[in-house]
file entry30.pdb (PDB, C-alpha atoms and all ligand atoms)
ATOM      1  CA  MET I   1       0.000   0.000   0.000  1.00  0.00           C
ATOM      2  CA  ASP I   2       1.283   3.516  -0.730  1.00  0.00           C
ATOM      3  CA  LYS I   3       1.537   6.250   1.858  1.00  0.00           C
ATOM      4  CA  LYS I   4      -1.646   7.941   0.597  1.00  0.00           C
ATOM      5  CA  SER I   5      -3.822   4.879   1.165  1.00  0.00           C
ATOM      6  CA  ASN I   6      -2.478   4.561   4.717  1.00  0.00           C
ATOM      7  CA  ILE I   7      -4.078   7.870   5.640  1.00  0.00           C
ATOM      8  CA  ILE I   8      -7.228   7.304   7.683  1.00  0.00           C
ATOM      9  CA  ILE I   9      -9.955   9.959   7.731  1.00  0.00           C
ATOM     10  CA  ARG I  10     -12.398   9.646  10.642  1.00  0.00           C
ATOM     11  CA  PRO I  11     -14.637  11.788  12.872  1.00  0.00           C
ATOM     12  CA  ALA I  12     -12.750  13.568  15.652  1.00  0.00           C
ATOM     13  CA  LYS I  13     -13.135  12.145  19.155  1.00  0.00           C
ATOM     14  CA  PRO I  14     -13.018  14.209  22.375  1.00  0.00           C
ATOM     15  CA  GLU I  15      -9.514  12.894  23.129  1.00  0.00           C
ATOM     16  CA  ASP I  16      -8.213  14.122  19.749  1.00  0.00           C
ATOM     17  CA  TRP I  17      -8.074  17.823  20.623  1.00  0.00           C
ATOM     18  CA  SER I  18      -4.457  17.894  21.773  1.00  0.00           C
ATOM     19  CA  GLY I  19      -3.459  16.194  18.489  1.00  0.00           C
ATOM     20  CA  ILE I  20      -5.597  18.693  16.585  1.00  0.00           C
ATOM     21  CA  LEU I  21      -3.903  21.628  18.335  1.00  0.00           C
ATOM     22  CA  LYS I  22      -0.488  20.168  17.530  1.00  0.00           C
ATOM     23  CA  ALA I  23      -1.379  19.641  13.848  1.00  0.00           C
ATOM     24  CA  HIS I  24      -2.679  23.229  13.712  1.00  0.00           C
ATOM     25  CA  HIS I  25       0.512  24.571  15.331  1.00  0.00           C
ATOM     26  CA  ASP I  26       2.817  22.627  13.012  1.00  0.00           C
ATOM     27  CA  ALA I  27       0.824  23.436   9.850  1.00  0.00           C
ATOM     28  CA  VAL I  28       0.831  27.168  10.645  1.00  0.00           C
ATOM     29  CA  MET I  29       4.489  27.252  11.656  1.00  0.00           C
ATOM     30  CA  HIS I  30       5.879  25.144   8.826  1.00  0.00           C
ATOM     31  CA  LYS I  31       3.481  25.322   5.872  1.00  0.00           C
ATOM     32  CA  THR I  32       2.670  29.019   5.545  1.00  0.00           C
ATOM     33  CA  SER I  33       6.157  30.471   5.285  1.00  0.00           C
ATOM     34  CA  GLY I  34       6.668  33.353   2.920  1.00  0.00           C
ATOM     35  CA  HIS I  35       3.030  34.397   3.270  1.00  0.00           C
ATOM     36  CA  TYR I  36       2.670  35.350   6.932  1.00  0.00           C
ATOM     37  CA  THR I  37       5.036  36.909   9.477  1.00  0.00           C
ATOM     38  CA  GLN I  38       6.165  35.211  12.678  1.00  0.00           C
ATOM     39  CA  GLU I  39       3.917  37.634  14.604  1.00  0.00           C
ATOM     40  CA  GLN I  40       0.890  36.630  12.503  1.00  0.00           C
ATOM     41  CA  LYS I  41       1.649  32.913  12.915  1.00  0.00           C
ATOM     42  CA  GLU I  42       1.917  33.250  16.695  1.00  0.00           C
ATOM     43  CA  ALA I  43      -1.362  35.198  16.862  1.00  0.00           C
ATOM     44  CA  TRP I  44      -3.010  32.597  14.595  1.00  0.00           C
ATOM     45  CA  ILE I  45      -1.998  29.765  16.944  1.00  0.00           C
ATOM     46  CA  GLU I  46      -3.047  31.796  19.982  1.00  0.00           C
ATOM     47  CA  SER I  47      -6.507  32.486  18.526  1.00  0.00           C
ATOM     48  CA  MET I  48      -7.058  28.747  17.898  1.00  0.00           C
ATOM     49  CA  ARG I  49      -6.097  27.989  21.514  1.00  0.00           C
ATOM     50  CA  THR I  50      -8.349  30.782  22.821  1.00  0.00           C
ATOM     51  CA  ASP I  51     -11.347  29.485  20.857  1.00  0.00           C
ATOM     52  CA  ILE I  52     -10.785  25.807  21.602  1.00  0.00           C
ATOM     53  CA  ASP I  53     -13.561  25.344  24.205  1.00  0.00           C
ATOM     54  CA  GLU I  54     -16.091  26.998  21.904  1.00  0.00           C
ATOM     55  CA  ARG I  55     -14.948  24.759  19.030  1.00  0.00           C
ATOM     56  CA  LYS I  56     -15.195  21.590  21.150  1.00  0.00           C
ATOM     57  CA  GLU I  57     -18.689  22.579  22.280  1.00  0.00           C
ATOM     58  CA  SER I  58     -19.947  23.235  18.759  1.00  0.00           C
ATOM     59  CA  VAL I  59     -18.706  19.776  17.683  1.00  0.00           C
ATOM     60  CA  GLN I  60     -20.268  18.175  20.750  1.00  0.00           C
ATOM     61  CA  LYS I  61     -23.616  19.867  19.989  1.00  0.00           C
ATOM     62  CA  GLY I  62     -23.455  18.617  16.391  1.00  0.00           C
ATOM     63  CA  GLU I  63     -23.345  22.143  14.922  1.00  0.00           C
ATOM     64  CA  VAL I  64     -19.870  21.577  13.523  1.00  0.00           C
ATOM     65  CA  ILE I  65     -18.429  18.467  11.861  1.00  0.00           C
ATOM     66  CA  ALA I  66     -14.793  17.728  12.705  1.00  0.00           C
ATOM     67  CA  LEU I  67     -12.719  15.106  10.886  1.00  0.00           C
ATOM     68  CA  VAL I  68      -9.125  14.103  11.524  1.00  0.00           C
ATOM     69  CA  ALA I  69      -6.501  12.545   9.257  1.00  0.00           C
ATOM     70  CA  GLU I  70      -4.424   9.884  10.954  1.00  0.00           C
ATOM     71  CA  TYR I  71      -1.157   8.522   9.615  1.00  0.00           C
ATOM     72  CA  ASP I  72       0.968   5.953  11.396  1.00  0.00           C
ATOM     73  CA  GLY I  73      -1.125   6.360  14.571  1.00  0.00           C
ATOM     74  CA  HIS I  74      -0.722  10.164  14.699  1.00  0.00           C
ATOM     75  CA  ILE I  75      -3.123  12.957  13.863  1.00  0.00           C
ATOM     76  CA  VAL I  76      -1.525  14.775  10.935  1.00  0.00           C
ATOM     77  CA  GLY I  77      -4.442  17.024  10.016  1.00  0.00           C
ATOM     78  CA  PHE I  78      -8.042  18.012  10.594  1.00  0.00           C
ATOM     79  CA  ALA I  79     -10.979  19.746   8.926  1.00  0.00           C
ATOM     80  CA  THR I  80     -14.112  21.404  10.307  1.00  0.00           C
ATOM     81  CA  SER I  81     -17.327  22.537   8.667  1.00  0.00           C
ATOM     82  CA  SER I  82     -20.712  23.945   9.618  1.00  0.00           C
ATOM     83  CA  PRO I  83     -23.086  22.448   7.019  1.00  0.00           C
ATOM     84  CA  SER I  84     -26.152  24.380   8.209  1.00  0.00           C
ATOM     85  CA  ARG I  85     -24.281  27.621   7.446  1.00  0.00           C
ATOM     86  CA  ASN I  86     -22.613  26.202   4.294  1.00  0.00           C
ATOM     87  CA  ARG I  87     -19.257  26.992   5.912  1.00  0.00           C
ATOM     88  CA  LEU I  88     -15.900  25.337   5.441  1.00  0.00           C
ATOM     89  CA  LEU I  89     -14.240  26.437   8.665  1.00  0.00           C
ATOM     90  CA  GLN I  90     -10.760  24.933   8.911  1.00  0.00           C
ATOM     91  CA  LEU I  91      -8.373  22.648   7.048  1.00  0.00           C
ATOM     92  CA  TYR I  92      -4.859  22.026   8.330  1.00  0.00           C
ATOM     93  CA  VAL I  93      -2.252  19.374   7.615  1.00  0.00           C
ATOM     94  CA  ALA I  94       1.083  19.308   9.429  1.00  0.00           C
ATOM     95  CA  PRO I  95       4.303  18.347   7.670  1.00  0.00           C
ATOM     96  CA  ALA I  96       4.190  14.529   7.536  1.00  0.00           C
ATOM     97  CA  PRO I  97       5.857  11.732   5.612  1.00  0.00           C
ATOM     98  CA  CYS I  98       2.668  11.210   3.568  1.00  0.00           C
ATOM     99  CA  ARG I  99       1.005  13.186   0.774  1.00  0.00           C
ATOM    100  CA  GLY I 100      -2.636  13.704   0.056  1.00  0.00           C
ATOM    101  CA  ALA I 101      -4.058  14.157   3.568  1.00  0.00           C
ATOM    102  CA  GLY I 102      -5.345  17.666   2.749  1.00  0.00           C
ATOM    103  CA  LYS I 103      -7.186  16.503  -0.365  1.00  0.00           C
ATOM    104  CA  LYS I 104      -8.644  13.465   1.411  1.00  0.00           C
ATOM    105  CA  LEU I 105      -9.853  15.614   4.323  1.00  0.00           C
ATOM    106  CA  LEU I 106     -11.392  18.171   1.981  1.00  0.00           C
ATOM    107  CA  LEU I 107     -13.276  15.547  -0.054  1.00  0.00           C
ATOM    108  CA  ALA I 108     -14.492  13.838   3.129  1.00  0.00           C
ATOM    109  CA  ILE I 109     -15.738  17.039   4.772  1.00  0.00           C
ATOM    110  CA  GLU I 110     -17.506  18.025   1.526  1.00  0.00           C
ATOM    111  CA  GLU I 111     -19.233  14.622   1.463  1.00  0.00           C
ATOM    112  CA  LYS I 112     -20.319  14.989   5.113  1.00  0.00           C
ATOM    113  CA  ALA I 113     -21.572  18.519   4.424  1.00  0.00           C
ATOM    114  CA  VAL I 114     -23.690  17.291   1.496  1.00  0.00           C
ATOM    115  CA  GLN I 115     -25.100  14.471   3.649  1.00  0.00           C
ATOM    116  CA  SER I 116     -26.098  17.131   6.184  1.00  0.00           C
ATOM    117  CA  GLY I 117     -27.879  19.219   3.560  1.00  0.00           C
ATOM    118  CA  ALA I 118     -25.270  21.774   2.460  1.00  0.00           C
ATOM    119  CA  MET I 119     -25.642  22.907  -1.165  1.00  0.00           C
ATOM    120  CA  PHE I 120     -22.280  24.692  -1.275  1.00  0.00           C
ATOM    121  CA  LEU I 121     -19.334  25.430   0.972  1.00  0.00           C
ATOM    122  CA  GLU I 122     -17.822  28.846   1.491  1.00  0.00           C
ATOM    123  CA  GLY I 123     -14.864  29.877   3.597  1.00  0.00           C
ATOM    124  CA  SER I 124     -11.754  31.973   3.745  1.00  0.00           C
ATOM    125  CA  SER I 125      -8.553  30.552   2.329  1.00  0.00           C
ATOM    126  CA  THR I 126      -5.151  31.529   3.576  1.00  0.00           C
ATOM    127  CA  VAL I 127      -2.982  33.120   0.896  1.00  0.00           C
ATOM    128  CA  ASN I 128      -0.727  30.027   0.738  1.00  0.00           C
ATOM    129  CA  ALA I 129      -3.646  27.613   0.182  1.00  0.00           C
ATOM    130  CA  VAL I 130      -5.481  29.435  -2.630  1.00  0.00           C
ATOM    131  CA  GLU I 131      -3.959  27.275  -5.371  1.00  0.00           C
ATOM    132  CA  PHE I 132      -4.756  24.096  -3.434  1.00  0.00           C
ATOM    133  CA  TYR I 133      -8.439  25.116  -3.249  1.00  0.00           C
ATOM    134  CA  ARG I 134      -8.532  26.192  -6.900  1.00  0.00           C
ATOM    135  CA  ARG I 135      -7.225  22.757  -7.920  1.00  0.00           C
ATOM    136  CA  ASN I 136      -9.958  21.177  -5.817  1.00  0.00           C
ATOM    137  CA  GLY I 137     -12.790  22.990  -7.571  1.00  0.00           C
ATOM    138  CA  TYR I 138     -13.170  26.155  -5.475  1.00  0.00           C
ATOM    139  CA  LYS I 139     -13.806  29.560  -7.004  1.00  0.00           C
ATOM    140  CA  ILE I 140     -11.560  32.240  -5.563  1.00  0.00           C
ATOM    141  CA  GLY I 141     -13.346  35.435  -4.569  1.00  0.00           C
ATOM    142  CA  GLN I 142     -12.565  38.649  -2.759  1.00  0.00           C
ATOM    143  CA  PHE I 143      -9.441  39.420  -0.800  1.00  0.00           C
ATOM    144  CA  ASN I 144     -10.211  39.907   2.906  1.00  0.00           C
ATOM    145  CA  GLU I 145      -8.541  40.666   6.214  1.00  0.00           C
ATOM    146  CA  ARG I 146      -9.654  39.506   9.634  1.00  0.00           C
ATOM    147  CA  GLU I 147      -8.368  40.287  13.088  1.00  0.00           C
ATOM    148  CA  LEU I 148      -6.673  37.380  14.864  1.00  0.00           C
ATOM    149  CA  THR I 149      -5.957  38.987  18.211  1.00  0.00           C
ATOM    150  CA  ARG I 150      -4.637  42.306  19.589  1.00  0.00           C
ATOM    151  CA  GLY I 151      -5.142  44.081  16.273  1.00  0.00           C
ATOM    152  CA  ILE I 152      -2.989  41.604  14.316  1.00  0.00           C
ATOM    153  CA  LEU I 153      -4.571  41.106  10.904  1.00  0.00           C
ATOM    154  CA  MET I 154      -4.538  38.076   8.664  1.00  0.00           C
ATOM    155  CA  GLN I 155      -5.061  38.181   4.905  1.00  0.00           C
ATOM    156  CA  GLY I 156      -7.042  35.661   2.888  1.00  0.00           C
ATOM    157  CA  TYR I 157      -9.483  35.120   0.023  1.00  0.00           C
ATOM    158  CA  ILE I 158     -13.116  34.076   0.007  1.00  0.00           C
ATOM    159  CA  ILE I 159     -13.495  30.606  -1.530  1.00  0.00           C
ATOM    160  CA  ARG I 160     -16.653  28.817  -2.636  1.00  0.00           C
ATOM    161  CA  LYS I 161     -17.576  25.486  -4.174  1.00  0.00           C
ATOM    162  CA  GLN I 162     -20.997  24.383  -5.376  1.00  0.00           C
ATOM    163  CA  LEU I 163     -21.591  20.865  -4.050  1.00  0.00           C
ATOM    164  CA  LYS I 164     -25.117  20.237  -5.367  1.00  0.00           C
ATOM    165  CA  LEU I 165     -27.136  21.904  -8.105  1.00  0.00           C
TER     166      LEU I 165
HETATM  167  C1  LIG I 201      -3.323  23.647   2.394  1.00  0.00           C
HETATM  168  C2  LIG I 201      -3.129  22.298   3.041  1.00  0.00           C
HETATM  169  C3  LIG I 201      -4.352  21.947   3.880  1.00  0.00           C
HETATM  170  C4  LIG I 201      -2.974  21.236   1.917  1.00  0.00           C
HETATM  171  O1  LIG I 201      -2.854  19.958   2.512  1.00  0.00           O
HETATM  172  P1  LIG I 201      -1.707  18.936   2.038  1.00  0.00           P
HETATM  173  O2  LIG I 201      -1.894  17.671   2.760  1.00  0.00           O
HETATM  174  O3  LIG I 201      -0.403  19.635   2.174  1.00  0.00           O
HETATM  175  O4  LIG I 201      -2.046  18.776   0.502  1.00  0.00           O
HETATM  176  P2  LIG I 201      -2.178  17.398  -0.343  1.00  0.00           P
HETATM  177  O5  LIG I 201      -0.919  16.597  -0.112  1.00  0.00           O
HETATM  178  O6  LIG I 201      -3.464  16.756  -0.067  1.00  0.00           O
HETATM  179  O7  LIG I 201      -2.187  17.979  -1.806  1.00  0.00           O
HETATM  180  C5  LIG I 201      -3.180  17.659  -2.753  1.00  0.00           C
HETATM  181  C6  LIG I 201      -2.788  18.256  -4.068  1.00  0.00           C
HETATM  182  O8  LIG I 201      -2.752  19.684  -3.959  1.00  0.00           O
HETATM  183  C7  LIG I 201      -1.439  20.180  -4.226  1.00  0.00           C
HETATM  184  N1  LIG I 201      -1.157  21.234  -3.264  1.00  0.00           N
HETATM  185  C8  LIG I 201      -1.095  21.125  -1.934  1.00  0.00           C
HETATM  186  N2  LIG I 201      -0.837  22.309  -1.360  1.00  0.00           N
HETATM  187  C9  LIG I 201      -0.710  23.175  -2.376  1.00  0.00           C
HETATM  188  C10 LIG I 201      -0.441  24.569  -2.449  1.00  0.00           C
HETATM  189  N3  LIG I 201      -0.236  25.296  -1.344  1.00  0.00           N
HETATM  190  N4  LIG I 201      -0.396  25.148  -3.665  1.00  0.00           N
HETATM  191  C11 LIG I 201      -0.599  24.411  -4.782  1.00  0.00           C
HETATM  192  N5  LIG I 201      -0.871  23.092  -4.777  1.00  0.00           N
HETATM  193  C12 LIG I 201      -0.922  22.484  -3.599  1.00  0.00           C
HETATM  194  C13 LIG I 201      -0.517  19.001  -4.066  1.00  0.00           C
HETATM  195  O9  LIG I 201       0.641  19.142  -4.841  1.00  0.00           O
HETATM  196  C14 LIG I 201      -1.382  17.844  -4.522  1.00  0.00           C
HETATM  197  O10 LIG I 201      -1.420  17.786  -5.920  1.00  0.00           O
HETATM  198  P3  LIG I 201      -1.564  16.371  -6.694  1.00  0.00           P
HETATM  199  O11 LIG I 201      -2.916  15.816  -6.272  1.00  0.00           O
HETATM  200  O12 LIG I 201      -1.477  16.763  -8.108  1.00  0.00           O
HETATM  201  O13 LIG I 201      -0.420  15.550  -6.177  1.00  0.00           O
HETATM  202  C15 LIG I 201      -1.835  22.245   3.903  1.00  0.00           C
HETATM  203  O14 LIG I 201      -0.719  22.538   3.113  1.00  0.00           O
HETATM  204  C16 LIG I 201      -1.858  23.189   5.104  1.00  0.00           C
HETATM  205  O15 LIG I 201      -2.339  22.824   6.164  1.00  0.00           O
HETATM  206  N6  LIG I 201      -1.304  24.404   4.966  1.00  0.00           N
HETATM  207  C17 LIG I 201      -1.120  25.305   6.088  1.00  0.00           C
HETATM  208  C18 LIG I 201      -2.403  25.708   6.801  1.00  0.00           C
HETATM  209  C19 LIG I 201      -3.382  26.362   5.873  1.00  0.00           C
HETATM  210  O16 LIG I 201      -3.064  27.332   5.233  1.00  0.00           O
HETATM  211  N7  LIG I 201      -4.579  25.818   5.817  1.00  0.00           N
HETATM  212  C20 LIG I 201      -5.637  26.348   5.039  1.00  0.00           C
HETATM  213  C21 LIG I 201      -6.478  27.194   5.921  1.00  0.00           C
HETATM  214  S1  LIG I 201      -7.830  27.851   4.980  1.00  0.00           S
END
call {"tool": "encode", "arguments": {"input": "entry30.pdb", "output": "structure tokens"}}
result
Amino acid sequence: MDKKSNIIIRPAKPEDWSGILKAHHDAVMHKTSGHYTQEQKEAWIESMRTDIDERKESVQKGEVIALVAEYDGHIVGFATSSPSRNRLLQLYVAPAPCRGAGKKLLLAIEEKAVQSGAMFLEGSSTVNAVEFYRRNGYKIGQFNERELTRGILMQGYIIRKQLKL
């Protein structure tokens, strides 16, 4: 079996959150270079940690779907979506000795969103990931900036994919 087929995509469990935080940290620190400053990356990680209880609760209540990608027994990535709001919320894959986890997570979260009634998914892509989303069928929209924390801004682009006609 190749390294791609050894990637397991499954729903996140309550005990996965420390692995999710680590994957988020490593993806931000090591896969966004050249696009965001060290200050932005630190604020980005801090905002994820600040929001973590809210995120856990929304998954627990069933408002948000969370999937993880596991490789060799470790969580290498995760994706979250709010199908009732047609929102793709997060997609992160840490550096890992496998390829294809991001694509697998994206396809799986799209499938779950459709099963839950979403007609399309919309979100904000980081500058570094725009090409990844374009290749996976997303239309790239307006440039935007959002505040992470303490006035530190983060740049991105609106992305959207029609899932059902
Ligand atoms: C963007 C991200 C989720 C992609 O996940 P990944 O596991 O690295 O990507 P995959 O290995 O699944 O790549 C799938 C395909 O997209 C391509 N691809 C991946 N990242 C790409 C990028 N930044 N630009 C262009 N193509 C890219 C791959 O080459 C691959 O192509 P192939 O199918 O022809 O081989 C990941 O790089 C990441 O977490 N980045 C940092 C955090 C981030 O910005 N997340 C997005 C928040 S909106």
call {"tool": "resolve_selection", "arguments": {"input": "entry30.pdb", "expression": "the PyMOL selection byres (((chain I and resi 59-67) around 6) and not hetatm)", "output": "list in words"}}
result
Arg10, Pro11, Ala12, Lys56, Glu57, Ser58, Val68, Phe78, Ala79, Thr80, Ser81 and Ser82 of chain I
call {"tool": "residues_near_point", "arguments": {"input": "entry30.pdb", "point": "(-4.1, 15.9, 3.6)", "cutoff": "12 Å", "atoms": "all atoms listed in the file", "output": "PyMOL selection string"}}
result
chain I and resi 3-9+23+27+67-71+75-79+91-109+132
call {"tool": "atom_distance", "arguments": {"input": "entry30.pdb", "atom1": "CA of Gly141 (chain I)", "atom2": "CA of Ser116 (chain I)"}}
result
24.8 Å
call {"tool": "axis_aligned_box", "arguments": {"input": "entry30.pdb", "around": "ligand LIG 201 (chain I)", "padding_each_side": "6 Å", "output": "JSON"}}
result
{"center_x": -3.6, "center_y": 21.7, "center_z": -0.7, "size_x": 20.5, "size_y": 24.3, "size_z": 26.9}
call {"tool": "resolve_selection", "arguments": {"input": "entry30.pdb", "expression": "the PyMOL selection byres (((chain I and resi 121) around 8) and not hetatm)", "output": "PyMOL selection string"}}
result
chain I and resi 83+86-88+110+118-120+122-123+160-163
call {"tool": "closest_residue", "arguments": {"input": "entry30.pdb", "among": "I:His35, I:Lys164, I:Lys22, I:Arg85", "to": "Val127 (chain I)", "atoms": "all atoms listed in the file"}}
result
I:His35
call {"tool": "atom_distance", "arguments": {"input": "entry30.pdb", "atom1": "CA of Gly156 (chain I)", "atom2": "CA of Asp16 (chain I)"}}
result
27.4 Å
call {"tool": "closest_residue", "arguments": {"input": "entry30.pdb", "among": "I:Gln155, I:Asn128, I:Ser18, I:Thr149", "to": "ligand LIG 201 (chain I)", "atoms": "only C-alpha atoms and all ligand atoms"}}
result
I:Asn128
call {"tool": "closest_residue", "arguments": {"input": "entry30.pdb", "among": "I:Glu131, I:Asp72, I:Asp53, I:Glu111", "to": "ligand LIG 201 (chain I)", "atoms": "all atoms listed in the file"}}
result
I:Glu131
call {"tool": "closest_residue", "arguments": {"input": "entry30.pdb", "among": "I:Ser124, I:Thr32, I:Gln115, I:Thr50", "to": "Ser84 (chain I)", "atoms": "all atoms listed in the file"}}
result
I:Gln115
call {"tool": "atom_distance", "arguments": {"input": "entry30.pdb", "atom1": "atom N5 of ligand LIG 201 (chain I)", "atom2": "CA of His24 (chain I)"}}
result
18.6 Å
call {"tool": "closest_residue", "arguments": {"input": "entry30.pdb", "among": "I:Ser125, I:Ser33, I:Gln38, I:Ser47", "to": "ligand LIG 201 (chain I)", "atoms": "only C-alpha atoms and all ligand atoms"}}
result
I:Ser125
call {"tool": "closest_residue", "arguments": {"input": "entry30.pdb", "among": "I:Leu89, I:Ile159, I:Ala43, I:Leu165", "to": "Ala129 (chain I)", "atoms": "only C-alpha atoms"}}
result
I:Ile159
call {"tool": "resolve_selection", "arguments": {"input": "entry30.pdb", "expression": "the PyMOL selection byres (((chain I and resi 150) around 12) and not hetatm)", "output": "short mmCIF file (atom, residue, chain, number, x, y, z; two decimals) with C-alpha atoms, in the frame of the given file"}}
result
data_model
loop_
_atom_site.label_atom_id
_atom_site.label_comp_id
_atom_site.auth_asym_id
_atom_site.auth_seq_id
_atom_site.Cartn_x
_atom_site.Cartn_y
_atom_site.Cartn_z
CA GLU I 39 3.92 37.63 14.60
CA GLN I 40 0.89 36.63 12.50
CA GLU I 42 1.92 33.25 16.70
CA ALA I 43 -1.36 35.20 16.86
CA TRP I 44 -3.01 32.60 14.60
CA GLU I 46 -3.05 31.80 19.98
CA SER I 47 -6.51 32.49 18.53
CA ARG I 146 -9.65 39.51 9.63
CA GLU I 147 -8.37 40.29 13.09
CA LEU I 148 -6.67 37.38 14.86
CA THR I 149 -5.96 38.99 18.21
CA GLY I 151 -5.14 44.08 16.27
CA ILE I 152 -2.99 41.60 14.32
CA LEU I 153 -4.57 41.11 10.90
CA MET I 154 -4.54 38.08 8.66
#
call {"tool": "build_atoms", "arguments": {"input": "entry30.pdb", "residues": "region 45-66 of chain I", "atoms": "N, CA and C atoms", "output": "short mmCIF file (atom, residue, chain, number, x, y, z; two decimals), in the coordinates of the input"}}
result
data_model
loop_
_atom_site.label_atom_id
_atom_site.label_comp_id
_atom_site.auth_asym_id
_atom_site.auth_seq_id
_atom_site.Cartn_x
_atom_site.Cartn_y
_atom_site.Cartn_z
N ILE I 45 -2.01 30.92 16.03
CA ILE I 45 -2.00 29.76 16.94
C ILE I 45 -2.69 30.13 18.25
N GLU I 46 -2.42 31.34 18.72
CA GLU I 46 -3.05 31.80 19.98
C GLU I 46 -4.57 31.87 19.83
N SER I 47 -5.05 32.35 18.69
CA SER I 47 -6.51 32.49 18.53
C SER I 47 -7.18 31.11 18.48
N MET I 48 -6.51 30.12 17.91
CA MET I 48 -7.06 28.75 17.90
C MET I 48 -7.15 28.22 19.34
N ARG I 49 -6.10 28.47 20.11
CA ARG I 49 -6.10 27.99 21.51
C ARG I 49 -7.16 28.71 22.34
N THR I 50 -7.35 30.00 22.08
CA THR I 50 -8.35 30.78 22.82
C THR I 50 -9.76 30.27 22.54
N ASP I 51 -9.99 29.88 21.27
CA ASP I 51 -11.35 29.48 20.86
C ASP I 51 -11.64 28.00 21.08
N ILE I 52 -10.68 27.27 21.63
CA ILE I 52 -10.78 25.81 21.60
C ILE I 52 -12.04 25.26 22.32
N ASP I 53 -12.40 25.87 23.47
CA ASP I 53 -13.56 25.34 24.20
C ASP I 53 -14.85 25.53 23.39
N GLU I 54 -14.93 26.70 22.76
CA GLU I 54 -16.09 27.00 21.90
C GLU I 54 -16.16 25.99 20.74
N ARG I 55 -15.00 25.70 20.16
CA ARG I 55 -14.95 24.76 19.03
C ARG I 55 -15.38 23.35 19.47
N LYS I 56 -14.84 22.92 20.63
CA LYS I 56 -15.20 21.59 21.15
C LYS I 56 -16.71 21.50 21.37
N GLU I 57 -17.26 22.56 21.96
CA GLU I 57 -18.69 22.58 22.28
C GLU I 57 -19.54 22.50 21.01
N SER I 58 -19.14 23.24 19.98
CA SER I 58 -19.95 23.24 18.76
C SER I 58 -19.90 21.86 18.08
N VAL I 59 -18.79 21.14 18.24
CA VAL I 59 -18.71 19.78 17.68
C VAL I 59 -19.59 18.85 18.52
N GLN I 60 -19.48 19.01 19.84
CA GLN I 60 -20.27 18.18 20.75
C GLN I 60 -21.77 18.34 20.51
N LYS I 61 -22.18 19.59 20.23
CA LYS I 61 -23.62 19.87 19.99
C LYS I 61 -24.07 19.42 18.61
N GLY I 62 -23.11 19.05 17.74
CA GLY I 62 -23.46 18.62 16.39
C GLY I 62 -23.62 19.77 15.42
N GLU I 63 -23.24 20.99 15.83
CA GLU I 63 -23.34 22.14 14.92
C GLU I 63 -22.19 22.16 13.92
N VAL I 64 -21.07 21.61 14.36
CA VAL I 64 -19.87 21.58 13.52
C VAL I 64 -19.40 20.13 13.37
N ILE I 65 -19.01 19.79 12.13
CA ILE I 65 -18.43 18.47 11.86
C ILE I 65 -16.92 18.62 11.94
N ALA I 66 -16.26 17.70 12.65
CA ALA I 66 -14.79 17.73 12.70
C ALA I 66 -14.26 16.36 12.30
#
